Amino acid sequence: VAPIADQGTFENLPVLKKIAPASNGPRVQGKVVIVTGTNSALGIGRASAHQFAENGAKAIYICDFNDSNLETHKRELASLYPKVDVHTRQFDASDDGAVKAVVDDAIRAYGRLDIFFANAGIVGQSKIFTDIEADEFLHTLKTNVVSVHLAAKYAAPAMMLTSDEKKYPSGSIIGTASVAGLRSNAGSSDYSASKAGVVSLAQTISYQLAGTGIRINAICPGLIETGMTAPMFKAARARGTERKVGQLNPLKRAAHADEVARVALFLGSDESSYVNGQAWAVDGGLSAGHPVVP
Ligand code: NAD
C-alpha cells in the first residue's frame, strides 16, 4: 500500500521545512492529548496523563472502559495542574465509534489533536495455547491491537488536517506493546501475539504515513508494577519472595509506571521528532539478550 501522502488523499500536506526546536521548558506545551487505559491507580495511563499535564499539555482526555477512578483522577490532575483542561471518557478502546467520537470531540473543542497514546490493554489468557478458545484469543487481539489500529485510523487524519495551522506537523501516535511482543515469552500466547501486532502496526503505519510528518511508535514495557501485575506482586509479597521478582532483569528490579510514562512523554513530544516506526523497550535491559552464565 502506498503511503497516504502518495495516494492523493490529503493533497495539501504540509512539507516539513522546519523541525521543532529543542525544548528548554514544558515539553508538550499547548498540546491536546488523548490517553486510553487511565482508570488504574497504579497504571501507566494515569502516570502518563500526569507527565503530559506537568509538561504543559493544554488538554488531556483520560479514557477507560472502567470509570471507577476516572473522576478522581480528573480532580487530582485539575488540582495539581489548574491550567490543563481534563476530560474523562468512559469507553471501550476497541470500539470504532467511541474512538472516532473522542477524536472528533478534541477537534471540535480545540481544533487540533497532537498526541494519541493508545495504552489500554489486558493481560490475556493465563493458560497454555491448546486451551485458548478462538473467541478468547480474538478478545485479546481486539482489546490490545485493534484499539491501536483505531487510534491511528482516526488520530492520523485529524492530526494531518489540523497540522497546517502549525509551524510544523507534530502529531504523535503511541501504542503500548510489551517486551512480550519482541521475544519469546513465558506468559500467554494471545498476549504475545497481540503485542507483536502493536509493534508491527507502528512499523507498517509509519511507512503509510510517510510525508505527513505524523509519527507512530510502540512502547515495549518489561515488568512494571501496575494494576495488571499487582496480583503477582501481592502473591510474591505474601510468600516472602518479592526480591526474586525481577531477579532475571539486568537492573534486578521491576519498574514503576512513571518510568514508562516518561518515555511516553518523550515520544509524544517534539523532542522525539525523528523517532518513527520504532519499538521502544522500557525493560531495564531484559530484551537485550544478556548471556546466561551457567
Ligand atoms: P493496568 O491494568 O494498571 O491498566 C490498564 C488499563 O486499561 C485499566 O485501567 C483497564 O481498565 C484499561 N482497559 C482494559 N481494557 C480496556 C478497553 N477495552 N478499553 C478501555 N480501557 C481498557 O495495567 P498497565 O500495566 O498500566 O497497562 C497499560 C498497558 O501496558 C497495557 O497495554 C499493558 O498490556 C501494557 N504492559 C504492561 C506491563 C506491565 O508489566 N504492567 C508490561 C508490558 C506491557
# chains A, B, ... in the order shown; residues from 1 in each chain; ligands from 1
$ residues_around --residues "Tyr61 of chain A" --least-positions-apart "5" --cutoff "7 Å" --atoms "only C-alpha atoms" --output "number ranges by chain"
A: 33-35, 86-89
$ write_last_selection --atoms "N, CA and C atoms" --output "PDB file, in the first residue's frame"
ATOM      1  N   VAL A  33      -4.061  16.094  24.027  1.00  0.00           N
ATOM      2  CA  VAL A  33      -3.602  14.713  24.214  1.00  0.00           C
ATOM      3  C   VAL A  33      -4.779  13.801  24.561  1.00  0.00           C
ATOM      4  N   ILE A  34      -4.794  12.606  23.968  1.00  0.00           N
ATOM      5  CA  ILE A  34      -5.744  11.561  24.373  1.00  0.00           C
ATOM      6  C   ILE A  34      -4.927  10.394  24.924  1.00  0.00           C
ATOM      7  N   VAL A  35      -5.310   9.905  26.097  1.00  0.00           N
ATOM      8  CA  VAL A  35      -4.642   8.722  26.681  1.00  0.00           C
ATOM      9  C   VAL A  35      -5.718   7.709  27.038  1.00  0.00           C
ATOM     10  N   VAL A  86      -9.010  18.958  31.702  1.00  0.00           N
ATOM     11  CA  VAL A  86      -9.031  17.495  31.796  1.00  0.00           C
ATOM     12  C   VAL A  86     -10.448  17.008  31.500  1.00  0.00           C
ATOM     13  N   HIS A  87     -10.551  16.062  30.564  1.00  0.00           N
ATOM     14  CA  HIS A  87     -11.846  15.480  30.196  1.00  0.00           C
ATOM     15  C   HIS A  87     -11.795  13.982  30.449  1.00  0.00           C
ATOM     16  N   THR A  88     -12.916  13.415  30.875  1.00  0.00           N
ATOM     17  CA  THR A  88     -12.977  11.958  31.026  1.00  0.00           C
ATOM     18  C   THR A  88     -13.894  11.375  29.947  1.00  0.00           C
ATOM     19  N   ARG A  89     -13.549  10.173  29.503  1.00  0.00           N
ATOM     20  CA  ARG A  89     -14.422   9.444  28.576  1.00  0.00           C
ATOM     21  C   ARG A  89     -14.434   7.983  28.992  1.00  0.00           C
TER      22      ARG A  89
END
$ residues_near_ligand --ligand "ligand 1" --cutoff "8 Å" --atoms "only C-alpha atoms and all ligand atoms" --output "VMD selection string"
chain A and resid 36 to 46 63 to 67 90 to 95 118 to 123 142 to 144 147 175 to 180 191 195 220 to 229 257
$ atom_distance --atom1 "atom CA of Ile115 of chain A" --atom2 "atom CA of Asp85 of chain A"
14.7 Å
$ select_by_dssp --residues "segment 18-69 of chain A" --states "strand (DSSP E or B)" --output "ChimeraX atom specification"
/A:32-36,59-64
$ closest_residue --among "A:Val145, A:Ala235, A:Asp190, A:Leu113" --to "Thr130 of chain A" --atoms "only C-alpha atoms"
A:Asp190
$ closest_residue --among "A:Ala156, A:Ala255, A:Ala59, A:Ala261" --to "Ala109 of chain A" --atoms "only C-alpha atoms"
A:Ala59
$ select_by_dssp --residues "segment 37-84 of chain A" --states "alpha helix (DSSP H)" --output "PyMOL selection string"
chain A and resi 44-54+70-80
$ atom_distance --atom1 "atom CA of Lys234 of chain A" --atom2 "atom CA of Lys252 of chain A"
18.1 Å
$ residues_around --residues "Gly56 of chain A" --least-positions-apart "5" --cutoff "8 Å" --atoms "only C-alpha atoms" --output "JSON list (two decimals) with C-alpha atoms, in the first residue's frame"
[["chain", "number", "residue", "atom", "x", "y", "z"],
["A", 26, "PRO", "CA", 7.47, 22.30, 29.16],
["A", 27, "ARG", "CA", 7.88, 19.55, 26.60],
["A", 28, "VAL", "CA", 4.31, 19.29, 25.35],
["A", 29, "GLN", "CA", 3.34, 22.94, 25.75],
["A", 30, "GLY", "CA", -0.15, 23.63, 24.41],
["A", 31, "LYS", "CA", -0.71, 20.14, 23.05],
["A", 84, "VAL", "CA", -4.87, 21.90, 31.96]]
$ atom_distance --atom1 "atom CA of Ser189 of chain A" --atom2 "atom CA of Thr140 of chain A"
10.1 Å
$ residues_around --residues "Arg112 of chain A" --least-positions-apart "5" --cutoff "7 Å" --atoms "only C-alpha atoms" --output "list in words"
Val32, Ala106, Ile107, Met159 and Thr162 of chain A
$ write_last_selection --atoms "C-alpha atoms" --output "PDB file, in the first residue's frame"
ATOM      1  CA  VAL A  32      -4.011  18.273  23.004  1.00  0.00           C
ATOM      2  CA  ALA A 106     -10.967  17.042  20.607  1.00  0.00           C
ATOM      3  CA  ILE A 107     -11.055  18.579  17.131  1.00  0.00           C
ATOM      4  CA  MET A 159      -3.659  15.422  13.032  1.00  0.00           C
ATOM      5  CA  THR A 162      -5.184  20.406  11.569  1.00  0.00           C
TER       6      THR A 162
END
$ closest_residue --among "A:Ser287, A:Ser48, A:Asn69, A:Ser172" --to "Gly213 of chain A" --atoms "only C-alpha atoms"
A:Ser172
